[in-house]
>>> print(open('target-v9.cif').read())   # mmCIF, C-alpha atoms and all ligand atoms
data_final
#
loop_
_atom_site.label_atom_id
_atom_site.label_comp_id
_atom_site.auth_asym_id
_atom_site.auth_seq_id
_atom_site.Cartn_x
_atom_site.Cartn_y
_atom_site.Cartn_z
CA MET F 271 -28.19 -94.45 -2.23
CA VAL F 272 -30.77 -92.75 0.01
CA SER F 273 -34.15 -94.42 -0.15
CA ALA F 274 -37.24 -92.39 -1.00
CA LEU F 275 -38.69 -93.97 2.15
CA LYS F 276 -36.17 -92.29 4.48
CA ASP F 277 -37.95 -90.37 7.25
CA LYS F 278 -41.33 -91.09 5.68
CA ASN F 279 -44.31 -92.01 7.85
CA ILE F 280 -45.75 -95.25 6.56
CA LEU F 281 -49.03 -96.55 7.92
CA LEU F 282 -49.03 -100.31 7.59
CA GLY F 283 -52.50 -101.83 7.70
CA ILE F 284 -52.48 -105.53 8.52
CA THR F 285 -55.69 -107.51 8.01
CA GLY F 286 -56.88 -111.03 8.67
CA SER F 287 -54.89 -113.36 6.45
CA ILE F 288 -52.34 -116.05 7.04
CA ALA F 289 -49.91 -113.77 5.18
CA ALA F 290 -50.04 -111.42 8.21
CA TYR F 291 -46.78 -112.93 9.38
CA LYS F 292 -45.09 -111.51 6.28
CA ALA F 293 -45.91 -108.00 7.57
CA ALA F 294 -43.09 -108.51 10.08
CA GLU F 295 -40.60 -108.65 7.21
CA ILE F 296 -42.23 -105.62 5.59
CA ILE F 297 -41.70 -103.60 8.77
CA ARG F 298 -38.09 -104.71 8.92
CA LEU F 299 -37.45 -103.69 5.29
CA LEU F 300 -39.21 -100.34 5.72
CA ARG F 301 -37.21 -99.51 8.82
CA LYS F 302 -34.00 -100.56 7.13
CA ARG F 303 -34.74 -97.88 4.54
CA GLY F 304 -35.24 -95.29 7.28
CA ALA F 305 -39.06 -95.13 7.36
CA GLN F 306 -41.18 -94.66 10.47
CA VAL F 307 -43.74 -97.46 10.56
CA TYR F 308 -47.17 -97.17 12.18
CA PRO F 309 -48.78 -100.63 12.30
CA ILE F 310 -52.56 -100.73 12.32
CA MET F 311 -54.19 -104.13 12.82
CA THR F 312 -57.75 -105.20 12.28
CA ARG F 313 -59.30 -107.48 14.86
CA ALA F 314 -59.07 -110.44 12.47
CA ALA F 315 -55.33 -109.83 12.00
CA THR F 316 -54.74 -110.29 15.73
CA TYR F 317 -55.92 -113.92 15.39
CA PHE F 318 -52.95 -114.60 13.13
CA VAL F 319 -50.09 -112.66 14.74
CA HIS F 320 -49.90 -111.09 18.18
CA PRO F 321 -49.49 -107.27 18.07
CA ILE F 322 -46.35 -107.56 20.22
CA THR F 323 -44.45 -108.85 17.18
CA PHE F 324 -45.21 -105.75 15.12
CA GLN F 325 -44.86 -103.43 18.10
CA THR F 326 -41.34 -104.73 18.72
CA LEU F 327 -40.27 -104.48 15.10
CA ALA F 328 -41.79 -101.02 14.57
CA SER F 329 -40.74 -99.70 18.02
CA ARG F 330 -44.23 -98.27 18.26
CA ARG F 331 -47.55 -99.32 19.77
CA VAL F 332 -49.80 -101.05 17.31
CA VAL F 333 -53.05 -99.20 16.67
CA LEU F 334 -55.93 -101.57 17.23
CA GLU F 335 -59.02 -99.60 18.09
CA LEU F 336 -60.94 -96.67 16.77
CA PHE F 337 -62.29 -95.56 20.10
CA ARG F 338 -59.84 -95.13 22.94
CA GLN F 339 -60.23 -92.41 25.47
CA GLU F 340 -56.60 -91.30 25.57
CA ASP F 341 -56.35 -90.57 21.86
CA LYS F 342 -59.50 -88.86 20.80
CA ILE F 343 -59.21 -88.48 17.06
CA LYS F 344 -56.51 -90.98 16.31
CA HIS F 345 -57.78 -91.75 12.81
CA ILE F 346 -57.47 -88.12 11.74
CA SER F 347 -54.00 -87.58 13.16
CA LEU F 348 -52.77 -90.81 11.60
CA ALA F 349 -54.40 -89.99 8.27
CA GLU F 350 -52.71 -86.59 8.24
CA LEU F 351 -49.23 -87.64 9.20
CA ALA F 352 -49.11 -90.45 6.62
CA ASP F 353 -46.83 -90.22 3.61
CA ALA F 354 -48.38 -93.47 2.42
CA LEU F 355 -50.81 -96.13 3.54
CA LEU F 356 -49.79 -99.67 2.74
CA ILE F 357 -52.25 -102.48 3.41
CA ALA F 358 -50.43 -105.81 3.40
CA PRO F 359 -51.89 -108.33 3.57
CA ALA F 360 -55.24 -106.95 2.41
CA SER F 361 -58.20 -109.30 2.79
CA ALA F 362 -61.24 -109.35 0.48
CA ASN F 363 -63.14 -107.73 3.34
CA ILE F 364 -60.96 -104.62 3.65
CA ILE F 365 -60.95 -104.19 -0.15
CA ALA F 366 -64.75 -104.34 -0.16
CA LYS F 367 -64.95 -101.80 2.66
CA LEU F 368 -62.57 -99.38 0.97
CA ALA F 369 -64.35 -99.68 -2.36
CA ASN F 370 -67.64 -98.78 -0.70
CA GLY F 371 -66.47 -96.10 1.71
CA ILE F 372 -67.27 -98.15 4.79
CA ALA F 373 -65.42 -96.93 7.88
CA ASP F 374 -66.25 -99.22 10.78
CA ASP F 375 -62.84 -99.83 12.31
CA ILE F 376 -59.59 -97.92 12.66
CA LEU F 377 -58.00 -99.12 9.41
CA SER F 378 -60.96 -98.49 7.12
CA THR F 379 -61.53 -95.12 8.80
CA VAL F 380 -57.92 -94.01 8.35
CA ALA F 381 -58.04 -95.17 4.72
CA LEU F 382 -61.10 -93.03 4.10
CA ALA F 383 -59.61 -90.01 5.85
CA THR F 384 -56.16 -89.93 4.27
CA LYS F 385 -54.99 -88.05 1.22
CA ALA F 386 -51.76 -90.05 1.09
CA PRO F 387 -51.19 -92.60 -1.67
CA VAL F 388 -52.59 -96.04 -0.90
CA LEU F 389 -50.94 -99.31 -1.93
CA ILE F 390 -52.77 -102.58 -1.45
CA ALA F 391 -51.22 -106.05 -1.47
CA PRO F 392 -54.12 -108.52 -1.58
CA ALA F 393 -53.82 -112.00 -0.09
CA MET F 394 -56.63 -114.49 -0.16
CA ASN F 395 -58.00 -117.74 -1.42
CA HIS F 396 -58.06 -118.16 -5.20
CA GLN F 397 -61.87 -118.37 -5.47
CA MET F 398 -62.29 -115.24 -3.39
CA TYR F 399 -59.81 -113.39 -5.57
CA VAL F 400 -61.46 -114.32 -8.85
CA ASN F 401 -64.91 -113.56 -7.51
CA PRO F 402 -66.39 -110.90 -9.82
CA ILE F 403 -67.58 -108.79 -6.88
CA LEU F 404 -64.05 -108.56 -5.54
CA GLN F 405 -62.73 -107.78 -9.02
CA GLN F 406 -65.28 -104.99 -9.36
CA ASN F 407 -64.16 -103.59 -6.01
CA ILE F 408 -60.54 -103.63 -7.14
CA ASP F 409 -61.44 -101.87 -10.41
CA LYS F 410 -63.39 -99.26 -8.52
CA LEU F 411 -60.44 -98.52 -6.24
CA LYS F 412 -58.01 -98.42 -9.16
CA ARG F 413 -60.20 -95.84 -10.85
CA VAL F 414 -59.75 -93.50 -7.89
CA GLY F 415 -56.00 -93.94 -7.90
CA VAL F 416 -55.47 -96.71 -5.36
CA LYS F 417 -52.49 -98.83 -6.41
CA PHE F 418 -52.32 -102.62 -6.20
CA ILE F 419 -49.42 -105.02 -6.10
CA GLY F 420 -50.11 -108.69 -6.69
CA PRO F 421 -51.48 -111.08 -5.69
CA GLU F 422 -49.34 -113.73 -7.30
CA LYS F 423 -49.77 -117.28 -8.39
CA GLY F 424 -48.38 -119.96 -6.14
CA GLN F 425 -49.12 -122.32 -3.32
CA LEU F 426 -51.88 -120.93 -1.10
CA ALA F 427 -52.57 -121.58 2.59
CA SER F 428 -55.10 -124.24 1.57
CA GLY F 429 -52.30 -126.21 -0.10
CA LYS F 430 -53.79 -125.57 -3.53
CA VAL F 431 -52.03 -123.66 -6.26
CA GLY F 432 -53.76 -120.56 -7.55
CA ILE F 433 -53.69 -116.81 -7.72
CA GLY F 434 -54.07 -115.13 -4.34
CA ARG F 435 -50.66 -115.29 -2.72
CA MET F 436 -49.40 -111.98 -1.38
CA SER F 437 -46.41 -110.56 -3.26
CA GLU F 438 -43.07 -110.95 -1.54
CA PRO F 439 -42.29 -108.26 1.06
CA SER F 440 -39.25 -107.02 -0.89
CA ARG F 441 -41.39 -106.48 -4.00
CA ILE F 442 -44.04 -104.65 -2.00
CA VAL F 443 -41.50 -102.36 -0.37
CA GLU F 444 -39.83 -101.60 -3.70
CA CYS F 445 -43.19 -100.72 -5.19
CA LEU F 446 -43.99 -98.45 -2.25
CA GLU F 447 -40.64 -96.76 -2.65
CA SER F 448 -41.38 -96.00 -6.30
CA LEU F 449 -44.88 -94.87 -5.45
CA ILE F 450 -43.61 -92.34 -2.94
CA GLN F 451 -40.87 -91.15 -5.21
CA CYS F 452 -42.80 -90.60 -8.36
CA ARG F 453 -46.48 -91.32 -8.12
CA ASP F 454 -48.39 -90.74 -11.32
CA GLU F 455 -45.32 -89.54 -13.17
CA PHE F 456 -46.44 -91.39 -16.30
CA LYS F 457 -50.16 -91.23 -15.70
CA GLY F 458 -52.10 -91.49 -18.96
CA LYS F 459 -49.04 -92.84 -20.81
CA CYS F 460 -48.73 -96.33 -22.22
CA PHE F 461 -45.45 -98.15 -22.76
CA LEU F 462 -44.71 -101.51 -24.27
CA VAL F 463 -42.01 -103.59 -22.62
CA THR F 464 -40.59 -106.78 -24.12
CA ALA F 465 -38.86 -109.32 -21.91
CA GLY F 466 -37.24 -112.71 -21.86
CA PRO F 467 -35.76 -114.83 -24.60
CA THR F 468 -37.43 -115.98 -27.79
CA ARG F 469 -37.60 -119.61 -28.86
CA GLU F 470 -36.96 -120.59 -32.43
CA ARG F 471 -38.42 -123.93 -33.29
CA ILE F 472 -36.11 -126.56 -34.79
CA ASP F 473 -38.62 -129.41 -34.80
CA GLU F 474 -41.49 -130.54 -32.62
CA VAL F 475 -39.27 -131.16 -29.57
CA ARG F 476 -36.34 -128.75 -29.90
CA PHE F 477 -35.67 -125.06 -30.11
CA ILE F 478 -32.87 -122.45 -30.18
CA SER F 479 -32.95 -119.93 -27.38
CA ASN F 480 -30.68 -118.02 -24.97
CA TYR F 481 -30.08 -117.60 -21.25
CA SER F 482 -32.29 -114.53 -20.75
CA SER F 483 -34.44 -114.91 -17.60
CA GLY F 484 -36.75 -111.96 -18.30
CA LYS F 485 -35.95 -110.38 -14.94
CA MET F 486 -34.82 -107.03 -16.35
CA GLY F 487 -37.91 -106.63 -18.52
CA TYR F 488 -40.29 -107.62 -15.72
CA ALA F 489 -38.56 -105.17 -13.36
CA LEU F 490 -39.03 -102.43 -15.97
CA ALA F 491 -42.71 -103.33 -16.27
CA GLU F 492 -43.24 -103.26 -12.51
CA GLU F 493 -41.44 -99.97 -12.10
CA GLY F 494 -43.43 -98.40 -14.93
CA ILE F 495 -46.68 -99.54 -13.32
CA CYS F 496 -45.65 -98.07 -9.96
CA ARG F 497 -45.04 -94.77 -11.72
CA GLY F 498 -48.53 -94.71 -13.14
CA ALA F 499 -47.87 -95.89 -16.70
CA ARG F 500 -50.04 -98.42 -18.44
CA ILE F 501 -47.77 -101.30 -19.39
CA ILE F 502 -48.14 -103.79 -22.19
CA LEU F 503 -45.74 -106.61 -21.42
CA VAL F 504 -44.83 -108.86 -24.34
CA SER F 505 -42.78 -111.70 -22.99
CA GLY F 506 -40.99 -114.70 -24.33
CA PRO F 507 -41.06 -117.88 -22.21
CA THR F 508 -39.92 -117.21 -18.63
CA SER F 509 -40.72 -118.65 -15.22
CA LEU F 510 -41.67 -115.23 -13.85
CA VAL F 511 -45.12 -114.09 -12.75
CA PRO F 512 -46.20 -111.05 -14.78
CA PRO F 513 -47.35 -108.05 -12.73
CA ALA F 514 -51.11 -108.31 -12.28
CA GLU F 515 -51.63 -104.76 -13.56
CA ALA F 516 -49.83 -105.28 -16.86
CA GLU F 517 -51.59 -106.13 -20.10
CA PHE F 518 -49.72 -109.35 -20.69
CA TYR F 519 -48.97 -111.27 -23.88
CA ARG F 520 -46.84 -114.36 -24.03
CA VAL F 521 -45.06 -115.12 -27.27
CA GLU F 522 -42.59 -117.75 -28.40
CA SER F 523 -40.59 -116.79 -31.46
CA ALA F 524 -39.03 -113.54 -32.65
CA GLU F 525 -41.60 -113.47 -35.45
CA GLU F 526 -44.47 -113.70 -32.95
CA MET F 527 -42.89 -111.00 -30.80
CA ARG F 528 -42.47 -108.78 -33.84
CA LYS F 529 -46.11 -109.26 -34.84
CA LYS F 530 -47.41 -108.34 -31.37
CA VAL F 531 -45.10 -105.33 -30.99
CA MET F 532 -46.08 -103.99 -34.41
CA GLU F 533 -49.77 -104.47 -33.65
CA GLU F 534 -49.51 -102.40 -30.47
CA PHE F 535 -47.03 -99.75 -31.63
CA ALA F 536 -49.62 -97.23 -32.75
CA ARG F 537 -51.23 -96.98 -29.29
CA VAL F 538 -48.10 -96.68 -27.16
CA ASP F 539 -45.94 -93.73 -26.19
CA GLY F 540 -42.76 -95.78 -26.16
CA VAL F 541 -41.17 -99.20 -26.37
CA LEU F 542 -38.55 -100.71 -24.07
CA MET F 543 -37.02 -103.68 -25.87
CA ALA F 544 -35.46 -105.65 -23.04
CA ALA F 545 -36.09 -108.99 -24.73
CA ALA F 546 -33.13 -111.02 -25.90
CA VAL F 547 -34.48 -111.67 -29.38
CA SER F 548 -32.87 -114.58 -31.21
CA ASP F 549 -31.04 -113.22 -34.21
CA PHE F 550 -31.52 -116.44 -36.19
CA ARG F 551 -34.17 -119.08 -36.71
CA PRO F 552 -34.00 -122.45 -38.47
CA GLU F 553 -34.59 -121.95 -42.16
CA ARG F 554 -36.86 -124.96 -42.64
CA LYS F 555 -40.12 -125.69 -40.87
CA ARG F 556 -40.00 -129.39 -39.90
CA GLU F 557 -42.86 -131.59 -38.83
CA GLY F 558 -42.22 -134.28 -36.23
CA LYS F 559 -38.80 -134.98 -34.74
CA ILE F 560 -35.43 -134.99 -36.46
CA LYS F 561 -34.09 -138.52 -36.01
CA LYS F 562 -30.43 -139.22 -35.43
CA SER F 563 -30.56 -141.57 -38.35
CA VAL F 564 -30.12 -138.45 -40.55
CA GLY F 565 -26.42 -139.16 -40.24
CA GLU F 566 -23.18 -138.67 -38.35
CA ARG F 567 -23.15 -134.94 -39.21
CA PHE F 568 -26.19 -132.77 -39.41
CA THR F 569 -26.30 -129.18 -40.59
CA LEU F 570 -29.02 -126.85 -39.43
CA GLU F 571 -29.42 -123.92 -41.73
CA LEU F 572 -30.39 -120.65 -40.04
CA ARG F 573 -31.97 -117.51 -41.42
CA GLN F 574 -31.76 -114.08 -39.86
CA ASN F 575 -34.81 -112.90 -37.93
CA PRO F 576 -36.26 -109.46 -38.54
CA ASP F 577 -34.76 -106.83 -36.24
CA ILE F 578 -37.81 -105.55 -34.36
CA LEU F 579 -36.17 -102.49 -32.87
CA SER F 580 -34.63 -101.39 -36.18
CA GLU F 581 -38.07 -101.60 -37.74
CA LEU F 582 -39.52 -99.48 -34.92
CA GLY F 583 -36.63 -97.04 -35.32
CA LYS F 584 -37.56 -96.59 -38.99
CA ARG F 585 -41.17 -95.89 -38.06
CA LYS F 586 -40.33 -93.88 -34.92
CA GLU F 587 -43.52 -91.77 -35.08
CA GLY F 588 -42.28 -89.57 -32.24
CA LYS F 589 -42.23 -92.42 -29.75
CA ILE F 590 -39.57 -93.12 -27.15
CA LEU F 591 -37.42 -96.11 -28.10
CA VAL F 592 -35.20 -97.81 -25.56
CA GLY F 593 -32.88 -100.63 -26.54
CA PHE F 594 -30.70 -102.99 -24.57
CA CYS F 595 -27.43 -104.53 -25.46
CA ALA F 596 -25.46 -107.23 -23.79
CA GLU F 597 -21.89 -107.44 -24.98
CA THR F 598 -18.74 -109.35 -24.18
CA GLU F 599 -16.38 -106.73 -25.65
CA ASN F 600 -16.31 -103.11 -26.90
CA LEU F 601 -19.38 -102.34 -24.84
CA GLU F 602 -19.65 -98.60 -25.33
CA GLU F 603 -18.73 -98.52 -29.02
CA GLU F 604 -21.19 -101.32 -29.79
CA ALA F 605 -23.91 -99.66 -27.74
CA LYS F 606 -23.40 -96.33 -29.48
CA ARG F 607 -23.50 -98.04 -32.87
CA LYS F 608 -26.80 -99.76 -32.07
CA LEU F 609 -28.26 -96.56 -30.63
CA ARG F 610 -27.46 -94.74 -33.86
CA GLU F 611 -28.32 -97.50 -36.32
CA LYS F 612 -31.63 -98.37 -34.65
CA ASN F 613 -32.56 -94.68 -34.15
CA LEU F 614 -33.03 -95.02 -30.37
CA ASP F 615 -33.47 -92.44 -27.64
CA LEU F 616 -31.67 -94.52 -25.05
CA ILE F 617 -29.66 -97.71 -24.85
CA VAL F 618 -28.95 -99.73 -21.73
CA ALA F 619 -25.67 -101.55 -22.17
CA ASN F 620 -24.14 -104.21 -20.01
CA ASP F 621 -21.00 -106.24 -20.14
CA ILE F 622 -22.14 -109.79 -19.44
CA THR F 623 -18.64 -110.93 -18.55
CA LEU F 624 -18.78 -108.94 -15.28
CA GLU F 625 -19.89 -110.75 -12.14
CA GLY F 626 -23.33 -109.56 -11.07
CA ALA F 627 -24.36 -108.45 -14.55
CA GLY F 628 -26.42 -109.93 -17.32
CA PHE F 629 -28.46 -113.08 -17.72
CA GLY F 630 -30.17 -114.89 -14.89
CA VAL F 631 -28.85 -112.88 -11.93
CA ASP F 632 -30.87 -110.40 -9.86
CA THR F 633 -28.35 -107.59 -10.25
CA ASN F 634 -26.94 -105.68 -13.18
CA ILE F 635 -24.10 -103.30 -13.97
CA VAL F 636 -25.03 -101.02 -16.85
CA VAL F 637 -24.24 -97.87 -18.68
CA LEU F 638 -27.07 -95.74 -20.04
CA ILE F 639 -26.33 -93.86 -23.24
CA ASP F 640 -28.77 -91.35 -24.68
CA ARG F 641 -28.97 -90.05 -28.25
CA TYR F 642 -26.98 -86.93 -27.32
CA GLY F 643 -24.07 -89.08 -26.18
CA ASN F 644 -24.58 -88.60 -22.42
CA LEU F 645 -23.28 -91.57 -20.46
CA THR F 646 -24.52 -92.67 -17.03
CA HIS F 647 -22.52 -95.47 -15.41
CA LEU F 648 -24.45 -97.42 -12.79
CA SER F 649 -22.49 -99.62 -10.39
CA LYS F 650 -23.85 -103.06 -9.42
CA ARG F 651 -27.45 -102.85 -8.18
CA SER F 652 -30.71 -104.78 -8.29
CA LYS F 653 -32.49 -104.99 -11.63
CA ARG F 654 -35.34 -103.06 -10.04
CA GLU F 655 -32.94 -100.24 -9.20
CA VAL F 656 -31.62 -100.29 -12.75
CA ALA F 657 -35.24 -100.11 -13.91
CA ARG F 658 -35.72 -97.06 -11.70
CA ALA F 659 -32.73 -95.34 -13.32
CA VAL F 660 -34.04 -96.20 -16.81
CA TRP F 661 -37.45 -94.70 -16.07
CA ASP F 662 -35.77 -91.62 -14.54
CA LYS F 663 -33.90 -91.20 -17.80
CA ILE F 664 -37.09 -91.67 -19.84
CA LYS F 665 -38.68 -88.98 -17.70
CA GLU F 666 -35.78 -86.67 -18.49
CA ILE F 667 -36.06 -87.41 -22.21
CA THR F 668 -39.81 -86.85 -22.23
CA LYS F 669 -39.69 -83.70 -20.10
CA ASN F 670 -39.96 -81.56 -23.17
CA LEU F 671 -42.52 -83.82 -24.80
CA TYR F 672 -45.11 -84.12 -22.00
CA ARG F 673 -45.89 -81.40 -19.55
N1 LIG U 701 -33.44 -106.62 -31.08
C1 LIG U 701 -34.60 -106.69 -31.81
N2 LIG U 701 -34.75 -107.65 -32.77
C2 LIG U 701 -33.76 -108.49 -33.05
C3 LIG U 701 -32.56 -108.44 -32.32
C4 LIG U 701 -32.43 -107.48 -31.34
O1 LIG U 701 -35.52 -105.89 -31.55
N3 LIG U 701 -33.94 -109.39 -33.98
C5 LIG U 701 -33.31 -105.58 -30.04
C6 LIG U 701 -33.05 -106.14 -28.65
O2 LIG U 701 -34.24 -106.34 -27.94
C7 LIG U 701 -32.21 -105.04 -28.00
C8 LIG U 701 -31.48 -104.41 -29.18
O3 LIG U 701 -32.20 -104.79 -30.34
O4 LIG U 701 -32.99 -104.05 -27.38
C9 LIG U 701 -30.04 -104.85 -29.31
O5 LIG U 701 -29.98 -106.24 -29.38
P1 LIG U 701 -28.61 -107.02 -29.54
O6 LIG U 701 -28.86 -108.46 -29.58
O7 LIG U 701 -27.63 -106.50 -28.52
O8 LIG U 701 -28.08 -106.46 -30.90
P2 LIG U 701 -28.17 -106.99 -32.38
O9 LIG U 701 -28.92 -105.97 -33.16
O10 LIG U 701 -28.65 -108.39 -32.44
O11 LIG U 701 -26.65 -106.86 -32.85
P3 LIG U 701 -25.38 -107.85 -32.72
O12 LIG U 701 -25.81 -109.19 -33.21
O13 LIG U 701 -24.38 -107.20 -33.60
O14 LIG U 701 -24.95 -107.83 -31.29
#
>>> encode(input="target-v9.cif", output="structure tokens", more="lines below")
Ligand code: CTP
Amino acid sequence: MVSALKDKNILLGITGSIAAYKAAEIIRLLRKRGAQVYPIMTRAATYFVHPITFQTLASRRVVLELFRQEDKIKHISLAELADALLIAPASANIIAKLANGIADDILSTVALATKAPVLIAPAMNHQMYVNPILQQNIDKLKRVGVKFIGPEKGQLASGKVGIGRMSEPSRIVECLESLIQCRDEFKGKCFLVTAGPTRERIDEVRFISNYSSGKMGYALAEEGICRGARIILVSGPTSLVPPAEAEFYRVESAEEMRKKVMEEFARVDGVLMAAAVSDFRPERKREGKIKKSVGERFTLELRQNPDILSELGKRKEGKILVGFCAETENLEEEAKRKLREKNLDLIVANDITLEGAGFGVDTNIVVLIDRYGNLTHLSKRSKREVARAVWDKIKEITKNLYR
């Protein structure tokens, strides 16, 4: 598959953060996808990594200064040739400068002069990130169309755990790829994505659940955000970090998921039900812990959970409905049945017996079936790439709905 980044000129702004070393991997990934990379470093960045590293990886001199005699109006030529400006890592300082139109070095000047899309991957100390001034600066930039990825929660340079860690290079590059390919495709639209498993409480210490990791749903949410949609992510328990830009709700049981989805349905343009909702829950609500003294045999009675997607299909209200189905046999027939019975626009079906498909893994092998019976078989690819194909299909379906 040819990357949207092929032959694109990407300006990579690197600012003063310990995460500057991760920019080396970003350059490598961009070049692997065929992009031309123009590294621009702030003075502070050069304290963390020597420009020679980036120069070698990009096969191009790193731009360090605004005023050099040999290249008179470097900032304008760079700004014009750019297909995108990525700033990774972005310090609180560069974000503040961009938000206020300050242009006092080469990077901030290029950022002010370019019409290309801008993607920022912040990296900083937790307290700096949560500082309301910084948050206001981020909001201000978002309002003028600047896109953000991360930061994420994790161990920071200080050794403490908090939010402020730069997103992984692969995630940043994937987001940039989507941004270049289809920026603002779903601008003004709001989609609800469900992800992960649900947990059905047996007693105070036990539950019924399934192997869903949530990766497919989170990839769908991230891809939707990169394409300009507002995303409401309703997730069962997972170990994943929700995208910072999503409106995020964590739920436990199918009943809680149903309640949240129904509450939000009126304000969304579509729902992507990637969650693996438990079909059954224990019939009885039990306090405390079931003791093994109940006997040699113990029967747990289960009751069927409401089918969220079927309920949405009955309401429909002109919204796009996307379902998922994981099967071990009769994949296409089962998928078509669910598509019809749940009144869906699209179903994403995968055979979980195949290697590289289904629960827990980073890849998937799926077939997309729309309500007109069109089938699209996708060979093994990353869940993010599957997400890209799903959103492409949604775009196709909505072509006649939105102009
Ligand atoms: N789904 C739902 N609510 C449920 C069960 C499933 O909204 N209680 C949604 C899933 O999120 C998925 C789609 O319905 O998008 C298909 O789910 P799946 O488990 O494959 O199908 P079921 O309807 O449970 O059918 P079956 O048990 O026959 O496989």
>>> closest_residue(input="target-v9.cif", among="F:Glu517, F:Glu534, F:Glu553, F:Asp277", to="F:Ala499", atoms="all atoms listed in the file")
F:Glu517
>>> residues_near_ligand(input="target-v9.cif", ligand="ligand LIG 701 (chain U)", cutoff="10 Å", atoms="only C-alpha atoms and all ligand atoms", output="ChimeraX atom specification")
/F:463-468,524-525,527-528,531,541-550,574-583,591-598,601,604-605,607-609,611-612,614,616-620
>>> write_last_selection(input="target-v9.cif", atoms="C-alpha atoms", output="short mmCIF file (atom, residue, chain, number, x, y, z; two decimals), keeping the file's coordinate frame")
data_model
loop_
_atom_site.label_atom_id
_atom_site.label_comp_id
_atom_site.auth_asym_id
_atom_site.auth_seq_id
_atom_site.Cartn_x
_atom_site.Cartn_y
_atom_site.Cartn_z
CA VAL F 463 -42.01 -103.59 -22.62
CA THR F 464 -40.59 -106.78 -24.12
CA ALA F 465 -38.86 -109.32 -21.91
CA GLY F 466 -37.24 -112.71 -21.86
CA PRO F 467 -35.76 -114.83 -24.60
CA THR F 468 -37.43 -115.98 -27.79
CA ALA F 524 -39.03 -113.54 -32.65
CA GLU F 525 -41.60 -113.47 -35.45
CA MET F 527 -42.89 -111.00 -30.80
CA ARG F 528 -42.47 -108.78 -33.84
CA VAL F 531 -45.10 -105.33 -30.99
CA VAL F 541 -41.17 -99.20 -26.37
CA LEU F 542 -38.55 -100.71 -24.07
CA MET F 543 -37.02 -103.68 -25.87
CA ALA F 544 -35.46 -105.65 -23.04
CA ALA F 545 -36.09 -108.99 -24.73
CA ALA F 546 -33.13 -111.02 -25.90
CA VAL F 547 -34.48 -111.67 -29.38
CA SER F 548 -32.87 -114.58 -31.21
CA ASP F 549 -31.04 -113.22 -34.21
CA PHE F 550 -31.52 -116.44 -36.19
CA GLN F 574 -31.76 -114.08 -39.86
CA ASN F 575 -34.81 -112.90 -37.93
CA PRO F 576 -36.26 -109.46 -38.54
CA ASP F 577 -34.76 -106.83 -36.24
CA ILE F 578 -37.81 -105.55 -34.36
CA LEU F 579 -36.17 -102.49 -32.87
CA SER F 580 -34.63 -101.39 -36.18
CA GLU F 581 -38.07 -101.60 -37.74
CA LEU F 582 -39.52 -99.48 -34.92
CA GLY F 583 -36.63 -97.04 -35.32
CA LEU F 591 -37.42 -96.11 -28.10
CA VAL F 592 -35.20 -97.81 -25.56
CA GLY F 593 -32.88 -100.63 -26.54
CA PHE F 594 -30.70 -102.99 -24.57
CA CYS F 595 -27.43 -104.53 -25.46
CA ALA F 596 -25.46 -107.23 -23.79
CA GLU F 597 -21.89 -107.44 -24.98
CA THR F 598 -18.74 -109.35 -24.18
CA LEU F 601 -19.38 -102.34 -24.84
CA GLU F 604 -21.19 -101.32 -29.79
CA ALA F 605 -23.91 -99.66 -27.74
CA ARG F 607 -23.50 -98.04 -32.87
CA LYS F 608 -26.80 -99.76 -32.07
CA LEU F 609 -28.26 -96.56 -30.63
CA GLU F 611 -28.32 -97.50 -36.32
CA LYS F 612 -31.63 -98.37 -34.65
CA LEU F 614 -33.03 -95.02 -30.37
CA LEU F 616 -31.67 -94.52 -25.05
CA ILE F 617 -29.66 -97.71 -24.85
CA VAL F 618 -28.95 -99.73 -21.73
CA ALA F 619 -25.67 -101.55 -22.17
CA ASN F 620 -24.14 -104.21 -20.01
#
>>> atom_distance(input="target-v9.cif", atom1="atom CA of F:Arg435", atom2="atom CA of F:Met394")
6.5 Å
>>> atom_distance(input="target-v9.cif", atom1="atom CA of F:Gly565", atom2="atom CA of F:Arg476")
17.7 Å
>>> atom_distance(input="target-v9.cif", atom1="atom CA of F:Thr384", atom2="atom CA of F:Val333")
15.8 Å
>>> closest_residue(input="target-v9.cif", among="F:Phe324, F:Ile450, F:Gly540, F:Arg313", to="F:Arg298", atoms="only C-alpha atoms")
F:Phe324
>>> residues_near_point(input="target-v9.cif", point="(-34.1, -93.4, 1.3)", cutoff="10 Å", atoms="all atoms listed in the file", output="JSON list (two decimals) with C-alpha atoms, in the coordinates of the input")
[["chain", "number", "residue", "atom", "x", "y", "z"],
["F", 271, "MET", "CA", -28.19, -94.45, -2.23],
["F", 272, "VAL", "CA", -30.77, -92.75, 0.01],
["F", 273, "SER", "CA", -34.15, -94.42, -0.15],
["F", 274, "ALA", "CA", -37.24, -92.39, -1.00],
["F", 275, "LEU", "CA", -38.69, -93.97, 2.15],
["F", 276, "LYS", "CA", -36.17, -92.29, 4.48],
["F", 277, "ASP", "CA", -37.95, -90.37, 7.25],
["F", 278, "LYS", "CA", -41.33, -91.09, 5.68],
["F", 300, "LEU", "CA", -39.21, -100.34, 5.72],
["F", 302, "LYS", "CA", -34.00, -100.56, 7.13],
["F", 303, "ARG", "CA", -34.74, -97.88, 4.54],
["F", 304, "GLY", "CA", -35.24, -95.29, 7.28],
["F", 305, "ALA", "CA", -39.06, -95.13, 7.36],
["F", 447, "GLU", "CA", -40.64, -96.76, -2.65],
["F", 451, "GLN", "CA", -40.87, -91.15, -5.21]]
